[in-house]
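A.B. asks: Just one file: input-v2.tsv, with TSV, N, CA and C atoms.
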```tsv
chain	number	residue	atom	x	y	z
A	1	MET	N	-24.01	32.29	-17.83
A	1	MET	CA	-24.28	31.36	-18.92
A	1	MET	C	-23.08	31.25	-19.88
A	2	PRO	N	-22.44	32.32	-20.28
A	2	PRO	CA	-21.33	32.18	-21.22
A	2	PRO	C	-20.16	31.40	-20.63
A	3	VAL	N	-19.86	31.61	-19.38
A	3	VAL	CA	-18.74	30.88	-18.76
A	3	VAL	C	-19.07	29.40	-18.68
A	4	ASN	N	-20.31	29.07	-18.35
A	4	ASN	CA	-20.72	27.68	-18.29
A	4	ASN	C	-20.65	27.01	-19.67
A	5	ALA	N	-21.05	27.74	-20.71
A	5	ALA	CA	-20.99	27.20	-22.07
A	5	ALA	C	-19.54	26.91	-22.46
A	6	LEU	N	-18.65	27.82	-22.12
A	6	LEU	CA	-17.23	27.61	-22.42
A	6	LEU	C	-16.67	26.44	-21.61
A	7	LEU	N	-17.11	26.31	-20.38
A	7	LEU	CA	-16.67	25.21	-19.54
A	7	LEU	C	-17.13	23.87	-20.11
A	8	ILE	N	-18.37	23.79	-20.55
A	8	ILE	CA	-18.89	22.56	-21.15
A	8	ILE	C	-18.08	22.21	-22.39
A	9	ARG	N	-17.83	23.18	-23.22
A	9	ARG	CA	-17.05	22.93	-24.44
A	9	ARG	C	-15.64	22.45	-24.10
A	10	GLY	N	-15.01	23.10	-23.12
A	10	GLY	CA	-13.67	22.70	-22.70
A	10	GLY	C	-13.64	21.28	-22.14
A	11	LEU	N	-14.64	20.94	-21.33
A	11	LEU	CA	-14.70	19.59	-20.76
A	11	LEU	C	-14.87	18.54	-21.86
A	12	LEU	N	-15.69	18.84	-22.86
A	12	LEU	CA	-15.88	17.89	-23.96
A	12	LEU	C	-14.60	17.74	-24.78
A	13	ASN	N	-13.88	18.84	-24.99
A	13	ASN	CA	-12.61	18.75	-25.70
A	13	ASN	C	-11.61	17.90	-24.93
A	14	LEU	N	-11.52	18.12	-23.63
A	14	LEU	CA	-10.60	17.33	-22.80
A	14	LEU	C	-11.03	15.87	-22.72
A	15	TYR	N	-12.34	15.63	-22.75
A	15	TYR	CA	-12.83	14.24	-22.74
A	15	TYR	C	-12.35	13.49	-23.97
A	16	GLN	N	-12.32	14.17	-25.11
A	16	GLN	CA	-11.84	13.51	-26.32
A	16	GLN	C	-10.38	13.11	-26.19
A	17	PHE	N	-9.62	13.82	-25.40
A	17	PHE	CA	-8.21	13.49	-25.18
A	17	PHE	C	-8.04	12.41	-24.11
A	18	TYR	N	-8.69	12.59	-22.96
A	18	TYR	CA	-8.49	11.68	-21.83
A	18	TYR	C	-9.38	10.44	-21.86
A	19	GLY	N	-10.56	10.54	-22.45
A	19	GLY	CA	-11.46	9.40	-22.54
A	19	GLY	C	-12.07	9.02	-21.20
A	20	ASP	N	-12.46	7.75	-21.09
A	20	ASP	CA	-13.18	7.26	-19.92
A	20	ASP	C	-12.28	6.98	-18.72
A	21	ASP	N	-10.98	6.96	-18.91
A	21	ASP	CA	-10.08	6.60	-17.82
A	21	ASP	C	-9.87	7.73	-16.81
A	22	PHE	N	-10.10	8.96	-17.22
A	22	PHE	CA	-9.88	10.10	-16.34
A	22	PHE	C	-11.21	10.52	-15.73
A	23	LYS	N	-11.30	10.49	-14.40
A	23	LYS	CA	-12.54	10.86	-13.70
A	23	LYS	C	-12.23	11.88	-12.62
A	24	VAL	N	-13.22	12.72	-12.35
A	24	VAL	CA	-13.11	13.72	-11.29
A	24	VAL	C	-14.34	13.60	-10.39
A	25	GLU	N	-14.19	14.09	-9.17
A	25	GLU	CA	-15.30	14.05	-8.23
A	25	GLU	C	-16.31	15.14	-8.58
A	26	CYS	N	-17.55	14.74	-8.76
A	26	CYS	CA	-18.59	15.69	-9.12
A	26	CYS	C	-19.92	15.27	-8.51
A	27	PRO	N	-20.54	16.14	-7.75
A	27	PRO	CA	-20.02	17.41	-7.26
A	27	PRO	C	-18.93	17.20	-6.21
A	28	THR	N	-18.12	18.21	-6.02
A	28	THR	CA	-17.02	18.13	-5.08
A	28	THR	C	-17.53	17.74	-3.70
A	29	GLY	N	-16.86	16.77	-3.09
A	29	GLY	CA	-17.24	16.31	-1.76
A	29	GLY	C	-18.30	15.24	-1.73
A	30	SER	N	-18.80	14.83	-2.90
A	30	SER	CA	-19.88	13.85	-2.97
A	30	SER	C	-19.37	12.41	-2.91
A	31	GLY	N	-18.11	12.21	-3.26
A	31	GLY	CA	-17.59	10.86	-3.35
A	31	GLY	C	-17.96	10.17	-4.65
A	32	LYS	N	-18.68	10.85	-5.54
A	32	LYS	CA	-19.09	10.29	-6.83
A	32	LYS	C	-18.13	10.79	-7.91
A	33	TYR	N	-17.58	9.86	-8.68
A	33	TYR	CA	-16.62	10.23	-9.72
A	33	TYR	C	-17.26	10.06	-11.09
A	34	MET	N	-16.99	11.04	-11.95
A	34	MET	CA	-17.55	11.06	-13.30
A	34	MET	C	-16.47	11.34	-14.32
A	35	THR	N	-16.71	10.89	-15.54
A	35	THR	CA	-15.83	11.26	-16.64
A	35	THR	C	-16.07	12.73	-16.96
A	36	LEU	N	-15.20	13.31	-17.75
A	36	LEU	CA	-15.37	14.72	-18.12
A	36	LEU	C	-16.62	14.92	-18.97
A	37	TYR	N	-16.98	13.90	-19.77
A	37	TYR	CA	-18.22	13.96	-20.53
A	37	TYR	C	-19.42	14.04	-19.58
A	38	GLU	N	-19.42	13.21	-18.56
A	38	GLU	CA	-20.52	13.19	-17.60
A	38	GLU	C	-20.61	14.50	-16.82
A	39	VAL	N	-19.47	15.08	-16.51
A	39	VAL	CA	-19.47	16.37	-15.81
A	39	VAL	C	-20.05	17.45	-16.72
A	40	ALA	N	-19.65	17.46	-17.99
A	40	ALA	CA	-20.20	18.43	-18.95
A	40	ALA	C	-21.71	18.26	-19.07
A	41	ARG	N	-22.15	17.02	-19.17
A	41	ARG	CA	-23.59	16.75	-19.28
A	41	ARG	C	-24.33	17.19	-18.01
A	42	GLU	N	-23.73	16.99	-16.85
A	42	GLU	CA	-24.35	17.41	-15.58
A	42	GLU	C	-24.48	18.93	-15.50
A	43	ILE	N	-23.46	19.64	-15.92
A	43	ILE	CA	-23.54	21.11	-15.93
A	43	ILE	C	-24.64	21.56	-16.89
A	44	ALA	N	-24.70	20.95	-18.08
A	44	ALA	CA	-25.74	21.29	-19.05
A	44	ALA	C	-27.13	20.97	-18.49
A	45	ARG	N	-27.26	19.85	-17.78
A	45	ARG	CA	-28.54	19.48	-17.19
A	45	ARG	C	-28.98	20.52	-16.16
A	46	ARG	N	-28.05	20.95	-15.33
A	46	ARG	CA	-28.37	21.95	-14.32
A	46	ARG	C	-28.79	23.27	-14.95
A	47	LEU	N	-28.10	23.66	-16.00
A	47	LEU	CA	-28.46	24.91	-16.69
A	47	LEU	C	-29.82	24.79	-17.36
A	48	SER	N	-30.07	23.67	-18.01
A	48	SER	CA	-31.35	23.51	-18.72
A	48	SER	C	-32.52	23.41	-17.75
A	49	SER	N	-32.27	22.95	-16.51
A	49	SER	CA	-33.36	22.84	-15.55
A	49	SER	C	-33.94	24.20	-15.19
A	50	ILE	N	-33.21	25.27	-15.47
A	50	ILE	CA	-33.74	26.62	-15.26
A	50	ILE	C	-34.93	26.87	-16.19
A	51	PHE	N	-34.90	26.29	-17.38
A	51	PHE	CA	-35.90	26.56	-18.40
A	51	PHE	C	-36.97	25.48	-18.52
A	52	LEU	N	-36.71	24.30	-18.01
A	52	LEU	CA	-37.66	23.19	-18.12
A	52	LEU	C	-38.62	23.18	-16.94
A	53	ARG	N	-39.79	22.62	-17.15
A	53	ARG	CA	-40.78	22.56	-16.06
A	53	ARG	C	-40.32	21.59	-14.97
A	54	ASP	N	-40.58	21.99	-13.73
A	54	ASP	CA	-40.25	21.12	-12.60
A	54	ASP	C	-41.43	20.18	-12.31
A	55	ALA	N	-41.38	19.46	-11.19
A	55	ALA	CA	-42.44	18.51	-10.84
A	55	ALA	C	-43.80	19.19	-10.67
A	56	ASN	N	-43.81	20.47	-10.37
A	56	ASN	CA	-45.06	21.22	-10.19
A	56	ASN	C	-45.51	21.91	-11.48
A	57	GLY	N	-44.78	21.69	-12.57
A	57	GLY	CA	-45.14	22.30	-13.85
A	57	GLY	C	-44.68	23.74	-14.00
A	58	LYS	N	-43.82	24.20	-13.11
A	58	LYS	CA	-43.33	25.58	-13.14
A	58	LYS	C	-41.92	25.63	-13.72
A	59	ARG	N	-41.63	26.70	-14.43
A	59	ARG	CA	-40.29	26.92	-14.96
A	59	ARG	C	-39.57	27.89	-14.01
A	60	PRO	N	-38.43	27.49	-13.45
A	60	PRO	CA	-37.70	28.38	-12.55
A	60	PRO	C	-37.35	29.73	-13.16
A	61	VAL	N	-37.15	29.79	-14.47
A	61	VAL	CA	-36.77	31.04	-15.13
A	61	VAL	C	-37.81	32.13	-14.92
A	62	TYR	N	-39.06	31.76	-14.73
A	62	TYR	CA	-40.12	32.74	-14.57
A	62	TYR	C	-40.39	33.12	-13.12
A	63	GLY	N	-39.72	32.49	-12.18
A	63	GLY	CA	-39.91	32.84	-10.78
A	63	GLY	C	-41.38	32.84	-10.41
A	64	GLY	N	-41.84	33.91	-9.78
A	64	GLY	CA	-43.23	34.01	-9.34
A	64	GLY	C	-44.13	34.73	-10.32
A	65	THR	N	-43.70	34.97	-11.54
A	65	THR	CA	-44.51	35.68	-12.52
A	65	THR	C	-45.62	34.75	-13.03
A	66	LYS	N	-46.84	34.98	-12.57
A	66	LYS	CA	-47.97	34.09	-12.90
A	66	LYS	C	-48.29	34.06	-14.39
A	67	LYS	N	-48.19	35.21	-15.05
A	67	LYS	CA	-48.55	35.26	-16.47
A	67	LYS	C	-47.75	34.24	-17.28
A	68	PHE	N	-46.44	34.18	-17.04
A	68	PHE	CA	-45.60	33.26	-17.81
A	68	PHE	C	-45.67	31.83	-17.29
A	69	GLN	N	-46.11	31.64	-16.06
A	69	GLN	CA	-46.22	30.30	-15.49
A	69	GLN	C	-47.54	29.64	-15.84
A	70	GLU	N	-48.64	30.43	-15.92
A	70	GLU	CA	-49.97	29.84	-16.01
A	70	GLU	C	-50.77	30.21	-17.25
A	71	ASP	N	-50.55	31.38	-17.81
A	71	ASP	CA	-51.34	31.83	-18.96
A	71	ASP	C	-51.11	30.93	-20.16
A	72	PRO	N	-52.18	30.34	-20.72
A	72	PRO	CA	-52.01	29.40	-21.84
A	72	PRO	C	-51.37	30.02	-23.08
A	73	TYR	N	-51.45	31.33	-23.21
A	73	TYR	CA	-50.85	32.00	-24.35
A	73	TYR	C	-49.38	32.34	-24.15
A	74	TRP	N	-48.90	32.26	-22.92
A	74	TRP	CA	-47.53	32.64	-22.63
A	74	TRP	C	-46.68	31.52	-22.03
A	75	LYS	N	-47.26	30.53	-21.40
A	75	LYS	CA	-46.50	29.57	-20.62
A	75	LYS	C	-45.54	28.70	-21.42
A	76	ASP	N	-45.74	28.59	-22.71
A	76	ASP	CA	-44.84	27.77	-23.53
A	76	ASP	C	-43.82	28.58	-24.32
A	77	TYR	N	-43.80	29.88	-24.11
A	77	TYR	CA	-42.80	30.72	-24.75
A	77	TYR	C	-41.66	30.96	-23.77
A	78	ILE	N	-40.47	30.63	-24.19
A	78	ILE	CA	-39.31	30.74	-23.31
A	78	ILE	C	-38.61	32.08	-23.54
A	79	LEU	N	-38.39	32.80	-22.45
A	79	LEU	CA	-37.64	34.05	-22.52
A	79	LEU	C	-36.21	33.78	-22.08
A	80	PHE	N	-35.27	34.37	-22.76
A	80	PHE	CA	-33.86	34.24	-22.42
A	80	PHE	C	-33.41	35.53	-21.75
A	81	TYR	N	-33.14	35.44	-20.48
A	81	TYR	CA	-32.75	36.62	-19.71
A	81	TYR	C	-31.25	36.82	-19.74
A	82	GLU	N	-30.87	38.00	-19.31
A	82	GLU	CA	-29.46	38.35	-19.27
A	82	GLU	C	-28.76	37.74	-18.06
A	83	TYR	N	-29.46	37.75	-16.93
A	83	TYR	CA	-28.92	37.23	-15.67
A	83	TYR	C	-29.95	36.35	-14.99
A	84	PHE	N	-29.51	35.60	-13.99
A	84	PHE	CA	-30.40	34.70	-13.27
A	84	PHE	C	-30.15	34.79	-11.77
A	85	HIS	N	-31.21	34.65	-11.00
A	85	HIS	CA	-31.10	34.65	-9.54
A	85	HIS	C	-30.33	33.40	-9.13
A	86	GLY	N	-29.32	33.56	-8.30
A	86	GLY	CA	-28.45	32.46	-7.93
A	86	GLY	C	-29.11	31.38	-7.10
A	87	ASP	N	-30.16	31.71	-6.38
A	87	ASP	CA	-30.80	30.72	-5.51
A	87	ASP	C	-31.97	30.00	-6.16
A	88	ASN	N	-32.76	30.69	-6.97
A	88	ASN	CA	-33.95	30.05	-7.52
A	88	ASN	C	-34.00	29.99	-9.05
A	89	GLY	N	-33.04	30.59	-9.73
A	89	GLY	CA	-32.97	30.53	-11.19
A	89	GLY	C	-33.86	31.51	-11.93
A	90	ALA	N	-34.58	32.36	-11.22
A	90	ALA	CA	-35.47	33.31	-11.88
A	90	ALA	C	-34.68	34.25	-12.78
A	91	GLY	N	-35.23	34.53	-13.96
A	91	GLY	CA	-34.58	35.43	-14.90
A	91	GLY	C	-34.57	36.86	-14.40
A	92	LEU	N	-33.46	37.53	-14.60
A	92	LEU	CA	-33.29	38.93	-14.18
A	92	LEU	C	-32.69	39.71	-15.34
A	93	GLY	N	-32.93	41.01	-15.36
A	93	GLY	CA	-32.33	41.84	-16.39
A	93	GLY	C	-33.06	41.72	-17.71
A	94	ALA	N	-32.36	42.01	-18.77
A	94	ALA	CA	-32.96	42.03	-20.10
A	94	ALA	C	-33.54	40.67	-20.47
A	95	SER	N	-34.69	40.69	-21.11
A	95	SER	CA	-35.31	39.47	-21.62
A	95	SER	C	-35.54	39.64	-23.12
A	96	HIS	N	-36.17	38.69	-23.73
A	96	HIS	CA	-36.45	38.72	-25.16
A	96	HIS	C	-35.17	38.85	-25.99
A	97	GLN	N	-34.15	38.20	-25.52
A	97	GLN	CA	-32.91	38.20	-26.29
A	97	GLN	C	-32.45	36.76	-26.43
A	98	THR	N	-31.68	36.50	-27.43
A	98	THR	CA	-31.17	35.15	-27.61
A	98	THR	C	-29.66	35.17	-27.69
A	99	GLY	N	-29.05	36.01	-26.90
A	99	GLY	CA	-27.60	36.07	-26.87
A	99	GLY	C	-27.01	34.79	-26.30
A	100	TRP	N	-26.12	34.94	-25.35
A	100	TRP	CA	-25.45	33.78	-24.76
A	100	TRP	C	-26.43	32.80	-24.14
A	101	THR	N	-27.51	33.30	-23.57
A	101	THR	CA	-28.47	32.42	-22.91
A	101	THR	C	-29.12	31.46	-23.90
A	102	GLY	N	-29.28	31.89	-25.13
A	102	GLY	CA	-29.87	31.02	-26.15
A	102	GLY	C	-29.05	29.78	-26.44
A	103	ILE	N	-27.81	29.76	-25.98
A	103	ILE	CA	-26.95	28.61	-26.22
A	103	ILE	C	-27.46	27.36	-25.49
A	104	ILE	N	-28.38	27.55	-24.55
A	104	ILE	CA	-28.94	26.41	-23.83
A	104	ILE	C	-29.68	25.48	-24.81
A	105	ALA	N	-30.28	26.05	-25.85
A	105	ALA	CA	-30.97	25.23	-26.85
A	105	ALA	C	-29.96	24.32	-27.57
A	106	ARG	N	-28.81	24.85	-27.89
A	106	ARG	CA	-27.77	24.05	-28.54
A	106	ARG	C	-27.26	22.97	-27.60
A	107	SER	N	-27.15	23.29	-26.34
A	107	SER	CA	-26.70	22.32	-25.34
A	107	SER	C	-27.69	21.16	-25.22
A	108	LEU	N	-28.99	21.47	-25.18
A	108	LEU	CA	-30.00	20.41	-25.12
A	108	LEU	C	-29.92	19.52	-26.34
A	109	ASP	N	-29.77	20.13	-27.51
A	109	ASP	CA	-29.66	19.37	-28.74
A	109	ASP	C	-28.40	18.51	-28.77
A	110	LEU	N	-27.30	19.08	-28.33
A	110	LEU	CA	-26.02	18.37	-28.33
A	110	LEU	C	-26.10	17.09	-27.51
A	111	PHE	N	-26.57	17.19	-26.29
A	111	PHE	CA	-26.60	16.01	-25.43
A	111	PHE	C	-27.73	15.05	-25.77
A	112	ALA	N	-28.72	15.49	-26.53
A	112	ALA	CA	-29.76	14.58	-27.02
A	112	ALA	C	-29.23	13.74	-28.18
A	113	ARG	N	-28.31	14.28	-28.96
A	113	ARG	CA	-27.80	13.58	-30.14
A	113	ARG	C	-26.48	12.86	-29.91
A	114	MET	N	-25.75	13.24	-28.87
A	114	MET	CA	-24.40	12.70	-28.68
A	114	MET	C	-24.35	11.82	-27.43
A	115	ASN	N	-23.50	10.83	-27.47
A	115	ASN	CA	-23.23	10.00	-26.31
A	115	ASN	C	-21.72	9.90	-26.15
A	116	PRO	N	-21.24	9.36	-25.04
A	116	PRO	CA	-19.78	9.31	-24.82
A	116	PRO	C	-19.02	8.58	-25.92
A	117	ALA	N	-19.56	7.48	-26.41
A	117	ALA	CA	-18.86	6.73	-27.46
A	117	ALA	C	-18.71	7.56	-28.73
A	118	LEU	N	-19.75	8.27	-29.11
A	118	LEU	CA	-19.69	9.12	-30.29
A	118	LEU	C	-18.70	10.26	-30.09
A	119	ALA	N	-18.67	10.81	-28.89
A	119	ALA	CA	-17.74	11.91	-28.59
A	119	ALA	C	-16.29	11.47	-28.76
A	120	LEU	N	-16.00	10.22	-28.44
A	120	LEU	CA	-14.63	9.72	-28.57
A	120	LEU	C	-14.31	9.29	-30.00
A	121	GLN	N	-15.33	8.91	-30.73
A	121	GLN	CA	-15.14	8.34	-32.06
A	121	GLN	C	-15.00	9.39	-33.15
A	122	ILE	N	-15.66	10.51	-33.01
A	122	ILE	CA	-15.76	11.49	-34.09
A	122	ILE	C	-15.06	12.79	-33.68
A	123	SER	N	-14.49	13.48	-34.64
A	123	SER	CA	-13.84	14.76	-34.33
A	123	SER	C	-14.90	15.83	-34.08
A	124	LYS	N	-14.49	16.91	-33.43
A	124	LYS	CA	-15.42	18.00	-33.11
A	124	LYS	C	-16.04	18.57	-34.38
A	125	ASP	N	-15.22	18.78	-35.42
A	125	ASP	CA	-15.74	19.35	-36.67
A	125	ASP	C	-16.74	18.42	-37.33
A	126	GLU	N	-16.45	17.11	-37.31
A	126	GLU	CA	-17.38	16.15	-37.90
A	126	GLU	C	-18.69	16.11	-37.11
A	127	LEU	N	-18.59	16.20	-35.80
A	127	LEU	CA	-19.78	16.17	-34.95
A	127	LEU	C	-20.66	17.38	-35.22
A	128	VAL	N	-20.07	18.55	-35.28
A	128	VAL	CA	-20.83	19.78	-35.55
A	128	VAL	C	-21.47	19.70	-36.93
A	129	GLY	N	-20.73	19.22	-37.92
A	129	GLY	CA	-21.28	19.07	-39.26
A	129	GLY	C	-22.45	18.10	-39.31
A	130	GLU	N	-22.30	16.97	-38.62
A	130	GLU	CA	-23.36	15.97	-38.59
A	130	GLU	C	-24.61	16.51	-37.90
A	131	MET	N	-24.42	17.21	-36.79
A	131	MET	CA	-25.56	17.79	-36.07
A	131	MET	C	-26.28	18.83	-36.92
A	132	THR	N	-25.52	19.65	-37.60
A	132	THR	CA	-26.11	20.69	-38.45
A	132	THR	C	-26.90	20.06	-39.59
A	133	ARG	N	-26.35	19.01	-40.21
A	133	ARG	CA	-27.07	18.32	-41.29
A	133	ARG	C	-28.39	17.75	-40.78
A	134	LYS	N	-28.38	17.15	-39.59
A	134	LYS	CA	-29.61	16.57	-39.03
A	134	LYS	C	-30.61	17.65	-38.68
A	135	GLN	N	-30.14	18.78	-38.19
A	135	GLN	CA	-31.04	19.87	-37.84
A	135	GLN	C	-31.71	20.43	-39.09
A	136	VAL	N	-30.95	20.59	-40.16
A	136	VAL	CA	-31.49	21.13	-41.39
A	136	VAL	C	-32.47	20.14	-42.04
A	137	ALA	N	-32.13	18.86	-41.96
A	137	ALA	CA	-32.97	17.83	-42.57
A	137	ALA	C	-34.24	17.60	-41.76
A	138	GLY	N	-34.23	18.00	-40.51
A	138	GLY	CA	-35.42	17.84	-39.67
A	138	GLY	C	-35.25	16.67	-38.82
```
What does this structure look like when you write it as structure tokens?

C.D. replies:
Amino acid sequence: MPVNALLIRGLLNLYQFYGDDFKVECPTGSGKYMTLYEVAREIARRLSSIFLRDANGKRPVYGGTKKFQEDPYWKDYILFYEYFHGDNGAGLGASHQTGWTGIIARSLDLFARMNPALALQISKDELVGEMTRKQVAG
């Protein structure tokens, strides 16, 4: 999670420099080209899909743990694990922490509030300030 967060931030910084004219193949070998903003958003989407419900209403982060998947008192509480299973996204290791894994909430908020045009128009500091003001104001 921390490396992915740094990668997303780096891609967004480079997008502000290169803009829409610079595209890379994503995913590699697909023949589909995206801007660096789109690649950052795609990585964030893949990471967030670990925590969001799939078509069957299950969250990959909980794997086969029925209590967190089905119990009405637990199914809407998100646990942030230390590590994740590489094939299915199930949380492994320490839970009940909001360290690096908690950054996924910021990523969801960032891409909900920002679009490519705004990313090119506003500086990083102004964007962070604007997002923080909106979060505080509700």

A.B. asks: Select, from A:Leu7, A:Ile122, A:Val128, A:Val61, the residue with the minimum atom-to-atom distance to A:Phe84, counting all atoms listed in the file.

C.D. replies: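 Among the listed residues, A:Val61 lies closest to A:Phe84.
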
A.B. asks: To one decimal in Å, tell me the separation between atom N of A:Gly10 and atom C of A:Val39.

C.D. replies: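 Separation of atom N of A:Gly10 and atom C of A:Val39: 9.9 Å.
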
A.B. asks: Interatomic distance between atom N of A:Ile50 and atom N of A:Lys66?

C.D. replies: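 Taking atom N of A:Ile50 as the start and atom N of A:Lys66 as the end point, the length is 17.0 Å.
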
A.B. asks: To test your reading of the structure, identify every residue in chain A that backbone DSSP assigns to strand (DSSP E or B), and report it as a list of chain:residue names.

C.D. replies: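 Output for chain A, strand (DSSP E or B) only: A:Lys23, A:Val24, A:Glu25, A:Tyr33, A:Met34, A:Thr35, A:Tyr83, A:Phe84, A:Gly91, A:Leu92.
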
A.B. asks: So which one's closest to A:Lys58, A:Asn88, A:Glu38, A:Gly29, A:Ala119? Using only C-alpha atoms, please.

C.D. replies: A:Asn88

A.B. asks: Considering only C-alpha atoms, state which residue in the set A:Leu12, A:Ala44, A:Pro2, A:Gly64 is at the smallest distance from A:Ala112.

C.D. replies: A:Ala44

A.B. asks: Do you have the atom CA of A:His96-atom N of A:Glu82 distance handy?

C.D. replies: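 Pair atom CA of A:His96 / atom N of A:Glu82 returns 8.1 Å.
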
A.B. asks: Name the residues within 9 Å of (-26.3, 36.1, -25.9), counting only C-alpha atoms in the file's coordinates, and put them as a VMD selection string.

C.D. replies: chain A and resid 1 to 2 80 to 82 97 to 103

A.B. asks: What residues in chain A get the DSSP label helix (DSSP H, G or I)? Please answer as a ChimeraX atom specification.

C.D. replies: /A:2-21,36-48,60-62,66-70,100-113,116-121,124-137

A.B. asks: Which is closest to A:Lys124 among A:Asn13, A:Tyr37, A:Ala55, A:Ile8, if we use all atoms listed in the file?

C.D. replies: A:Asn13

A.B. asks: Of the candidates A:Glu70, A:Asp76, A:Ala94, A:Gly89, which shows the shortest atom-to-atom distance to A:Ser49, using all atoms listed in the file?

C.D. replies: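 Under the stated criterion, the closest residue is A:Gly89.
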
A.B. asks: Can you work out which one of A:Asn115, A:Thr132, A:Ser123, A:Ser107 has the shortest atom-to-atom distance to A:Ser48, counting only N, CA and C atoms?

C.D. replies: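 Smallest separation from A:Ser48 among the options: A:Ser107.
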